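*Asks:* Next up, final27.txt (compact mmCIF, C-alpha atoms).
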# COMPACT_ATOMS: atom_id res chain seq x y z
CA MET A 261 0.00 0.00 0.00
CA SER A 262 1.30 3.44 -0.84
CA VAL A 263 0.26 6.77 0.60
CA ARG A 264 0.64 10.08 -1.18
CA LYS A 265 -0.65 13.60 -0.98
CA ALA A 266 -3.62 14.48 -3.15
CA SER A 267 -2.89 16.44 -6.29
CA ASN A 268 -4.39 19.89 -6.85
CA ALA A 269 -6.82 18.38 -9.38
CA GLU A 270 -7.88 15.77 -6.82
CA LEU A 271 -8.40 18.45 -4.20
CA ARG A 272 -10.58 20.48 -6.61
CA ARG A 273 -12.62 17.37 -7.45
CA ARG A 274 -12.99 16.59 -3.72
CA GLU A 275 -14.35 20.09 -3.07
CA LYS A 276 -16.76 19.78 -6.02
CA HIS A 277 -18.13 16.53 -4.54
CA GLN A 278 -19.03 18.44 -1.35
CA ARG A 279 -21.49 20.56 -3.35
CA ASN A 280 -23.39 17.56 -4.76
CA PRO A 281 -27.09 18.51 -4.21
CA ALA A 282 -28.09 15.03 -2.98
CA TYR A 283 -25.23 15.03 -0.48
CA VAL A 284 -25.97 18.59 0.70
CA GLU A 285 -29.63 17.63 1.22
CA TRP A 286 -28.56 14.48 3.13
CA LEU A 287 -26.30 16.55 5.40
CA GLY A 288 -29.13 19.01 5.99
CA ARG A 289 -31.20 16.25 7.60
CA MET A 290 -28.42 15.24 10.03
CA ASP A 291 -29.79 16.79 13.23
CA ALA A 292 -33.33 15.52 12.67
CA GLU A 293 -32.10 12.00 11.89
CA ILE A 294 -29.84 11.92 14.96
CA ILE A 295 -32.76 13.03 17.17
CA ARG A 296 -34.84 10.25 15.65
CA PHE A 297 -32.00 7.75 16.21
CA PHE A 298 -31.90 8.62 19.92
CA ALA A 299 -35.70 8.53 20.28
CA GLU A 300 -36.58 5.47 18.18
CA ASP A 301 -33.55 3.33 17.45
CA ALA A 302 -31.20 3.62 20.41
CA PRO A 303 -32.80 5.36 23.40
CA ALA A 304 -30.09 3.92 25.68
CA VAL A 305 -27.49 5.84 23.67
CA GLY A 306 -29.58 9.00 23.74
CA ALA A 307 -29.93 8.69 27.53
CA LEU A 308 -26.17 8.89 28.05
CA LYS A 309 -24.86 12.10 29.59
CA ASN A 310 -22.48 12.28 26.62
CA PRO A 311 -23.47 9.96 23.76
CA TRP A 312 -20.47 11.00 21.61
CA THR A 313 -18.08 8.57 23.29
CA GLU A 314 -16.62 5.09 23.19
CA ASP A 315 -19.43 4.01 25.56
CA GLY A 316 -22.00 5.35 23.11
CA LEU A 317 -20.41 3.33 20.32
CA ARG A 318 -20.41 0.21 22.47
CA ILE A 319 -24.10 0.58 23.38
CA ALA A 320 -25.03 1.42 19.77
CA THR A 321 -23.25 -1.76 18.62
CA GLU A 322 -25.11 -3.86 21.19
CA THR A 323 -28.39 -2.24 20.17
CA ALA A 324 -27.79 -2.87 16.47
CA ARG A 325 -26.90 -6.49 17.15
CA SER A 326 -30.12 -6.95 19.11
CA MET A 327 -32.20 -5.33 16.33
CA PHE A 328 -30.66 -7.27 13.46
CA PRO A 329 -30.43 -11.03 13.98
CA ASP A 330 -27.72 -11.43 11.36
CA TYR A 331 -25.75 -9.60 8.70
CA ARG A 332 -28.39 -10.28 6.04
CA ALA A 333 -30.95 -8.27 8.04
CA VAL A 334 -28.69 -5.19 7.82
CA LEU A 335 -28.81 -5.48 4.03
CA GLU A 336 -32.59 -5.81 3.75
CA PRO A 337 -34.17 -2.79 2.00
CA GLN A 338 -36.84 -2.44 4.72
CA ASN A 339 -34.05 -1.83 7.28
CA ALA A 340 -32.15 0.74 5.21
CA ASP A 341 -33.44 3.82 7.07
CA VAL A 342 -32.56 2.39 10.49
CA VAL A 343 -29.11 1.26 9.31
CA GLU A 344 -28.55 4.74 7.85
CA ARG A 345 -29.41 6.36 11.19
CA PHE A 346 -26.94 4.07 12.94
CA GLY A 347 -24.30 5.10 10.39
CA ARG A 348 -25.10 8.77 10.88
CA TYR A 349 -24.69 8.37 14.62
CA VAL A 350 -21.37 6.53 14.28
CA GLY A 351 -20.05 9.19 11.92
CA GLU A 352 -21.19 11.99 14.23
CA VAL A 353 -19.35 10.40 17.15
CA PHE A 354 -16.10 10.67 15.22
CA VAL A 355 -16.93 14.16 13.94
CA ARG A 356 -17.67 15.49 17.41
CA ALA A 357 -14.96 13.67 19.36
CA PHE A 358 -12.07 14.22 16.96
CA GLU A 359 -12.73 17.50 15.14
CA GLY A 360 -13.93 15.54 12.14
CA ARG A 361 -15.97 16.50 9.14
CA TRP A 362 -18.36 14.68 6.84
CA TRP A 363 -17.02 14.27 3.31
CA ASN A 364 -18.65 13.06 0.14
CA VAL A 365 -16.19 10.51 -1.29
CA PRO A 366 -18.12 8.84 -4.13
CA GLU A 367 -15.07 6.96 -5.39
CA ASN A 368 -15.12 4.94 -2.13
CA GLY A 369 -18.77 3.96 -2.50
CA PRO A 370 -20.67 1.49 -4.61
CA ASP A 371 -21.01 2.12 -8.32
CA ASN A 372 -23.84 4.47 -9.25
CA ALA A 373 -24.30 5.75 -5.69
CA PRO A 374 -25.37 9.42 -5.82
CA PHE A 375 -22.84 10.15 -3.04
CA TRP A 376 -20.84 8.31 -0.37
CA ALA A 377 -20.69 9.90 3.07
CA CYS A 378 -17.45 9.38 4.99
CA VAL A 379 -15.81 11.09 7.95
CA GLY A 380 -12.33 12.53 7.92
CA ASN A 381 -10.15 14.68 10.11
CA VAL A 382 -6.65 16.09 9.93
CA ALA A 383 -5.22 13.59 12.42
CA SER A 384 -6.40 10.43 10.62
CA ILE A 385 -5.00 9.89 7.17
CA ALA A 386 -7.84 7.60 6.01
CA TYR A 387 -11.58 8.22 5.89
CA LEU A 388 -13.94 6.43 8.24
CA GLU A 389 -16.83 4.83 6.37
CA PRO A 390 -19.54 4.62 9.04
CA PHE A 391 -22.09 2.71 6.98
CA VAL A 392 -19.58 -0.03 6.18
CA HIS A 393 -18.48 -0.18 9.82
CA VAL A 394 -22.04 -0.45 11.15
CA LYS A 395 -22.63 -3.47 8.92
CA ALA A 396 -19.33 -5.00 10.05
CA ALA A 397 -20.21 -4.37 13.71
CA VAL A 398 -23.46 -6.30 13.33
CA ALA A 399 -21.72 -9.18 11.56
CA GLU A 400 -18.66 -9.54 13.79
CA GLY A 401 -18.70 -12.46 16.15
CA ARG A 402 -21.40 -14.11 14.06
CA VAL A 403 -19.19 -15.21 11.20
CA LYS A 404 -17.07 -18.29 11.82
CA ASP A 405 -13.29 -17.77 11.99
CA VAL A 406 -13.46 -13.97 11.86
CA PRO A 407 -11.52 -12.50 14.80
CA VAL A 408 -13.28 -9.82 16.81
CA HIS A 409 -11.75 -7.02 18.87
CA PRO A 410 -12.90 -7.40 22.50
CA GLY A 411 -14.83 -4.11 22.38
CA GLY A 412 -15.93 -4.53 18.77
CA THR A 413 -14.87 -2.91 15.52
CA LEU A 414 -16.25 0.52 16.36
CA VAL A 415 -14.42 0.63 19.70
CA TRP A 416 -11.23 -0.51 17.94
CA LEU A 417 -11.64 2.32 15.42
CA TRP A 418 -12.29 4.76 18.27
CA GLY A 419 -8.99 3.71 19.85
CA ASN A 420 -7.10 4.18 16.60
CA TRP A 421 -8.60 7.63 16.00
CA ARG A 422 -7.98 8.59 19.64
CA GLU A 423 -4.31 7.65 19.29
CA SER A 424 -3.88 9.60 16.04
CA TYR A 425 -5.81 12.57 17.40
CA ASP A 426 -3.73 12.68 20.58
CA GLU A 427 -0.52 12.54 18.50
CA TRP A 428 -1.80 15.38 16.32
CA ILE A 429 -2.66 17.48 19.39
CA ALA A 430 0.79 16.78 20.89
CA ALA A 431 2.39 17.87 17.60
CA GLY A 432 0.70 21.27 17.95
CA HIS A 433 -2.32 20.90 15.60
CA PRO A 434 -0.34 20.99 12.34
CA SER A 435 -2.14 21.52 9.03
CA GLY A 436 -3.11 18.49 6.98
CA ALA A 437 -0.06 18.78 4.72
CA GLU A 438 2.28 19.26 7.68
CA TRP A 439 0.74 16.31 9.52
CA PHE A 440 1.11 14.11 6.45
CA ASP A 441 4.82 14.98 6.34
CA ILE A 442 5.23 14.30 10.06
CA LYS A 443 3.41 10.95 9.91
CA PHE A 444 5.32 9.72 6.91
CA GLY A 445 8.70 11.24 7.77
CA ARG A 446 8.79 13.59 4.80
CA SER A 447 9.98 16.81 6.35
So that I can check it, write out the structure of this file as C-alpha cells.

*Replies:*
Amino acid sequence: MSVRKASNAELRRREKHQRNPAYVEWLGRMDAEIIRFFAEDAPAVGALKNPWTEDGLRIATETARSMFPDYRAVLEPQNADVVERFGRYVGEVFVRAFEGRWWNVPENGPDNAPFWACVGNVASIAYLEPFVHVKAAVAEGRVKDVPVHPGGTLVWLWGNWRESYDEWIAAGHPSGAEWFDIKFGRS
C-alpha cells in the first residue's frame, strides 16, 4: 500500500463533490435524523450524559446487534433507514470527538451511488466509512473464523482515532499537509 498527498486536481474534485445537491440535502437532515435515532432506534445511547463517546459506540453496537439477527438483516431494504441512522450516529461520534468532518467521497462507495458519506479529520489519514463499519459491527462475532476485537470494531476504530488525534494534538495541531509529512517522515 502506498500513501501520497492528493494532487491539486484531486483536491478540486474533492471540493466539487461536497457541493453535490443530494449530499448537501442528506447533510441538511443530520440533526433531525440523529434526534430520531436517539428517540426510536437507540434510546439507551440517547440517555447517556455524553453519547459522543466510546461508551456510546459500544451501546449502539449492542443495540444494532439486538435489532438485526444477522448480517443479512442489515442489508434488507426495509431496514435501510434504520441502518442509515446508525451510520449517521457513528459518523457523528467521530466528527464530534475528533474535530472531524463529513465528506462526500463517491469513489469509495458502490457504483452508481449518488454520493458516499465518509468522515475525515486532519489527524487520521484515512476516511472512516460509518455505513460499512455499522454493517461489520453487526456481523462480527457471528461469522465463523473472523476474529473480533474485545470491544468490537467501532471501539477498535475509536482507539485508533484517539491515538492519532492525541498525536496530532501533541504535535501542535499541524495543518493536513504538515501532519502528512510528520506521519510519513517527509519533512

*Asks:* With only C-alpha atoms counted and 12 Å as the cut-off, give the residues of stretch 347-385 of chain A in contact with stretch 319-337 of chain A, each with its shortest interatomic distance in Å and the pair that gives it, as a Markdown table.

*Replies:*
| residue | atom | partner | partner_atom | distance |
| --- | --- | --- | --- | --- |
| A:Gly347 | CA | A:Ala320 | CA | 10.1 |
| A:Arg348 | CA | A:Ala320 | CA | 11.5 |
| A:Tyr349 | CA | A:Ala320 | CA | 8.7 |
| A:Val350 | CA | A:Ala320 | CA | 8.3 |
| A:Val353 | CA | A:Ala320 | CA | 10.9 |

*Asks:* In terms of the shortest atom-to-atom distance over all atoms listed in the file, which of A:Glu352, A:Val343, A:Glu270, A:Arg318 is closest to A:Asp291?

*Replies:*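 Residue with the minimum atom-to-atom distance to A:Asp291: A:Glu352.
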
*Asks:* Have a look at atom CA of A:Trp416 and atom CA of A:Arg361 and let me know their distance in Å, one decimal.

*Replies:*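 So the answer is 19.7 Å.
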
*Asks:* Name the residues, using the chain letters and numbers of the file, that sit within 12 Å of (1.4, 11.4, 16.5) when counting only C-alpha atoms, and give them as a PyMOL selection string.

*Replies:* chain A and resi 382-385+420-434+438-445

*Asks:* Could you list, as a ChimeraX atom specification, every residue within 9 Å of stretch 417-419 of chain A, counting all atoms listed in the file and ignoring same-chain residues fewer than 3 positions away?

*Replies:* /A:313-314,317,354,388,412-414,422-424

*Asks:* Could you work out how far atom CA of A:Ala307 lies from atom CA of A:Phe391, giving the answer in Å with one decimal?

*Replies:*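 Pair atom CA of A:Phe391 / atom CA of A:Ala307 returns 22.8 Å.
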
*Asks:* Choose the residue, out of A:Asn381, A:Asn364, A:Asn372, A:Ser435, that has the smallest atom-to-atom separation from A:Glu275; count only C-alpha atoms.

*Replies:*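 Closest candidate: A:Asn364.
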
*Asks:* Please identify all polymer residues within 12 Å of A:Phe375, counting all atoms listed in the file, omitting same-chain residues fewer than 3 positions from it, and present them as a short mmCIF file (atom, residue, chain, number, x, y, z; two decimals) with C-alpha atoms, keeping the file's coordinate frame.

*Replies:*
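File produced: around11.cif:
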data_model
loop_
_atom_site.label_atom_id
_atom_site.label_comp_id
_atom_site.auth_asym_id
_atom_site.auth_seq_id
_atom_site.Cartn_x
_atom_site.Cartn_y
_atom_site.Cartn_z
CA ARG A 274 -12.99 16.59 -3.72
CA LYS A 276 -16.76 19.78 -6.02
CA HIS A 277 -18.13 16.53 -4.54
CA GLN A 278 -19.03 18.44 -1.35
CA ARG A 279 -21.49 20.56 -3.35
CA ASN A 280 -23.39 17.56 -4.76
CA PRO A 281 -27.09 18.51 -4.21
CA ALA A 282 -28.09 15.03 -2.98
CA TYR A 283 -25.23 15.03 -0.48
CA VAL A 284 -25.97 18.59 0.70
CA GLU A 285 -29.63 17.63 1.22
CA TRP A 286 -28.56 14.48 3.13
CA LEU A 287 -26.30 16.55 5.40
CA TRP A 362 -18.36 14.68 6.84
CA TRP A 363 -17.02 14.27 3.31
CA ASN A 364 -18.65 13.06 0.14
CA VAL A 365 -16.19 10.51 -1.29
CA PRO A 366 -18.12 8.84 -4.13
CA GLU A 367 -15.07 6.96 -5.39
CA ASN A 368 -15.12 4.94 -2.13
CA GLY A 369 -18.77 3.96 -2.50
CA PRO A 370 -20.67 1.49 -4.61
CA ASP A 371 -21.01 2.12 -8.32
CA ASN A 372 -23.84 4.47 -9.25
CA CYS A 378 -17.45 9.38 4.99
#

*Asks:* In Å, how far is it from atom CA of A:Asn268 to atom CA of A:Ala357?

*Replies:*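 Here the two named atoms are 28.9 Å from each other.
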
*Asks:* What's around A:Gly351 at 10 Å? Count only C-alpha atoms, leave out sequence neighbours fewer than 5 positions away in its own chain, and write the answer as an MDAnalysis selection string.

*Replies:* chainID A and resid 312 345:346 356 360:362 377:380 388:391 393:394

*Asks:* May I ask you to restore N, CA and C atoms in stretch 407-441 of chain A and write the result as a PDB file, in the frame of the given file?

*Replies:*
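Ended up saving to result20.pdb:
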ATOM      1  N   PRO A 407     -11.875 -13.007  13.464  1.00  0.00           N
ATOM      2  CA  PRO A 407     -11.520 -12.500  14.800  1.00  0.00           C
ATOM      3  C   PRO A 407     -12.253 -11.198  15.106  1.00  0.00           C
ATOM      4  N   VAL A 408     -12.549 -10.990  16.376  1.00  0.00           N
ATOM      5  CA  VAL A 408     -13.280  -9.820  16.810  1.00  0.00           C
ATOM      6  C   VAL A 408     -12.488  -9.127  17.914  1.00  0.00           C
ATOM      7  N   HIS A 409     -12.361  -7.808  17.794  1.00  0.00           N
ATOM      8  CA  HIS A 409     -11.750  -7.020  18.870  1.00  0.00           C
ATOM      9  C   HIS A 409     -12.650  -7.147  20.097  1.00  0.00           C
ATOM     10  N   PRO A 410     -12.065  -7.228  21.298  1.00  0.00           N
ATOM     11  CA  PRO A 410     -12.900  -7.400  22.500  1.00  0.00           C
ATOM     12  C   PRO A 410     -14.027  -6.369  22.642  1.00  0.00           C
ATOM     13  N   GLY A 411     -13.787  -5.130  22.281  1.00  0.00           N
ATOM     14  CA  GLY A 411     -14.830  -4.110  22.380  1.00  0.00           C
ATOM     15  C   GLY A 411     -15.623  -3.939  21.107  1.00  0.00           C
ATOM     16  N   GLY A 412     -15.267  -4.663  20.052  1.00  0.00           N
ATOM     17  CA  GLY A 412     -15.930  -4.530  18.770  1.00  0.00           C
ATOM     18  C   GLY A 412     -15.181  -3.612  17.826  1.00  0.00           C
ATOM     19  N   THR A 413     -15.521  -3.688  16.562  1.00  0.00           N
ATOM     20  CA  THR A 413     -14.870  -2.910  15.520  1.00  0.00           C
ATOM     21  C   THR A 413     -14.935  -1.406  15.769  1.00  0.00           C
ATOM     22  N   LEU A 414     -16.099  -0.921  16.172  1.00  0.00           N
ATOM     23  CA  LEU A 414     -16.250   0.520  16.360  1.00  0.00           C
ATOM     24  C   LEU A 414     -15.396   1.025  17.515  1.00  0.00           C
ATOM     25  N   VAL A 415     -15.271   0.245  18.571  1.00  0.00           N
ATOM     26  CA  VAL A 415     -14.420   0.630  19.700  1.00  0.00           C
ATOM     27  C   VAL A 415     -12.951   0.566  19.272  1.00  0.00           C
ATOM     28  N   TRP A 416     -12.595  -0.410  18.466  1.00  0.00           N
ATOM     29  CA  TRP A 416     -11.230  -0.510  17.940  1.00  0.00           C
ATOM     30  C   TRP A 416     -10.905   0.726  17.086  1.00  0.00           C
ATOM     31  N   LEU A 417     -11.832   1.118  16.227  1.00  0.00           N
ATOM     32  CA  LEU A 417     -11.640   2.320  15.420  1.00  0.00           C
ATOM     33  C   LEU A 417     -11.523   3.563  16.300  1.00  0.00           C
ATOM     34  N   TRP A 418     -12.353   3.650  17.317  1.00  0.00           N
ATOM     35  CA  TRP A 418     -12.290   4.760  18.270  1.00  0.00           C
ATOM     36  C   TRP A 418     -10.871   4.853  18.845  1.00  0.00           C
ATOM     37  N   GLY A 419     -10.336   3.722  19.283  1.00  0.00           N
ATOM     38  CA  GLY A 419      -8.990   3.710  19.850  1.00  0.00           C
ATOM     39  C   GLY A 419      -7.940   4.184  18.874  1.00  0.00           C
ATOM     40  N   ASN A 420      -8.049   3.747  17.628  1.00  0.00           N
ATOM     41  CA  ASN A 420      -7.100   4.180  16.600  1.00  0.00           C
ATOM     42  C   ASN A 420      -7.201   5.682  16.347  1.00  0.00           C
ATOM     43  N   TRP A 421      -8.422   6.186  16.222  1.00  0.00           N
ATOM     44  CA  TRP A 421      -8.600   7.630  16.000  1.00  0.00           C
ATOM     45  C   TRP A 421      -8.148   8.417  17.215  1.00  0.00           C
ATOM     46  N   ARG A 422      -8.411   7.905  18.410  1.00  0.00           N
ATOM     47  CA  ARG A 422      -7.980   8.590  19.640  1.00  0.00           C
ATOM     48  C   ARG A 422      -6.460   8.713  19.648  1.00  0.00           C
ATOM     49  N   GLU A 423      -5.777   7.639  19.310  1.00  0.00           N
ATOM     50  CA  GLU A 423      -4.310   7.650  19.290  1.00  0.00           C
ATOM     51  C   GLU A 423      -3.785   8.674  18.276  1.00  0.00           C
ATOM     52  N   SER A 424      -4.316   8.652  17.063  1.00  0.00           N
ATOM     53  CA  SER A 424      -3.880   9.600  16.040  1.00  0.00           C
ATOM     54  C   SER A 424      -4.203  11.039  16.443  1.00  0.00           C
ATOM     55  N   TYR A 425      -5.387  11.233  16.984  1.00  0.00           N
ATOM     56  CA  TYR A 425      -5.810  12.570  17.400  1.00  0.00           C
ATOM     57  C   TYR A 425      -4.904  13.102  18.507  1.00  0.00           C
ATOM     58  N   ASP A 426      -4.610  12.263  19.490  1.00  0.00           N
ATOM     59  CA  ASP A 426      -3.730  12.680  20.580  1.00  0.00           C
ATOM     60  C   ASP A 426      -2.326  13.018  20.066  1.00  0.00           C
ATOM     61  N   GLU A 427      -1.832  12.235  19.110  1.00  0.00           N
ATOM     62  CA  GLU A 427      -0.520  12.540  18.500  1.00  0.00           C
ATOM     63  C   GLU A 427      -0.563  13.878  17.771  1.00  0.00           C
ATOM     64  N   TRP A 428      -1.639  14.132  17.060  1.00  0.00           N
ATOM     65  CA  TRP A 428      -1.800  15.380  16.320  1.00  0.00           C
ATOM     66  C   TRP A 428      -1.848  16.573  17.277  1.00  0.00           C
ATOM     67  N   ILE A 429      -2.593  16.420  18.367  1.00  0.00           N
ATOM     68  CA  ILE A 429      -2.660  17.480  19.390  1.00  0.00           C
ATOM     69  C   ILE A 429      -1.264  17.729  19.956  1.00  0.00           C
ATOM     70  N   ALA A 430      -0.557  16.645  20.316  1.00  0.00           N
ATOM     71  CA  ALA A 430       0.790  16.780  20.890  1.00  0.00           C
ATOM     72  C   ALA A 430       1.763  17.439  19.923  1.00  0.00           C
ATOM     73  N   ALA A 431       1.526  17.267  18.625  1.00  0.00           N
ATOM     74  CA  ALA A 431       2.390  17.870  17.600  1.00  0.00           C
ATOM     75  C   ALA A 431       2.048  19.344  17.373  1.00  0.00           C
ATOM     76  N   GLY A 432       1.037  19.856  18.062  1.00  0.00           N
ATOM     77  CA  GLY A 432       0.700  21.270  17.950  1.00  0.00           C
ATOM     78  C   GLY A 432      -0.353  21.604  16.915  1.00  0.00           C
ATOM     79  N   HIS A 433      -1.242  20.665  16.571  1.00  0.00           N
ATOM     80  CA  HIS A 433      -2.320  20.900  15.600  1.00  0.00           C
ATOM     81  C   HIS A 433      -1.793  21.302  14.217  1.00  0.00           C
ATOM     82  N   PRO A 434      -0.846  20.578  13.654  1.00  0.00           N
ATOM     83  CA  PRO A 434      -0.340  20.990  12.340  1.00  0.00           C
ATOM     84  C   PRO A 434      -1.433  20.894  11.265  1.00  0.00           C
ATOM     85  N   SER A 435      -1.216  21.603  10.165  1.00  0.00           N
ATOM     86  CA  SER A 435      -2.140  21.520   9.030  1.00  0.00           C
ATOM     87  C   SER A 435      -2.112  20.100   8.470  1.00  0.00           C
ATOM     88  N   GLY A 436      -3.058  19.816   7.593  1.00  0.00           N
ATOM     89  CA  GLY A 436      -3.110  18.490   6.980  1.00  0.00           C
ATOM     90  C   GLY A 436      -1.832  18.124   6.255  1.00  0.00           C
ATOM     91  N   ALA A 437      -1.301  19.052   5.467  1.00  0.00           N
ATOM     92  CA  ALA A 437      -0.060  18.780   4.720  1.00  0.00           C
ATOM     93  C   ALA A 437       1.115  18.579   5.668  1.00  0.00           C
ATOM     94  N   GLU A 438       1.181  19.411   6.712  1.00  0.00           N
ATOM     95  CA  GLU A 438       2.280  19.260   7.680  1.00  0.00           C
ATOM     96  C   GLU A 438       2.165  17.932   8.424  1.00  0.00           C
ATOM     97  N   TRP A 439       0.945  17.562   8.799  1.00  0.00           N
ATOM     98  CA  TRP A 439       0.740  16.310   9.520  1.00  0.00           C
ATOM     99  C   TRP A 439       1.104  15.109   8.643  1.00  0.00           C
ATOM    100  N   PHE A 440       0.755  15.174   7.381  1.00  0.00           N
ATOM    101  CA  PHE A 440       1.110  14.110   6.450  1.00  0.00           C
ATOM    102  C   PHE A 440       2.621  13.927   6.439  1.00  0.00           C
ATOM    103  N   ASP A 441       3.361  15.034   6.353  1.00  0.00           N
ATOM    104  CA  ASP A 441       4.820  14.980   6.340  1.00  0.00           C
ATOM    105  C   ASP A 441       5.363  14.415   7.652  1.00  0.00           C
TER     106      ASP A 441
END
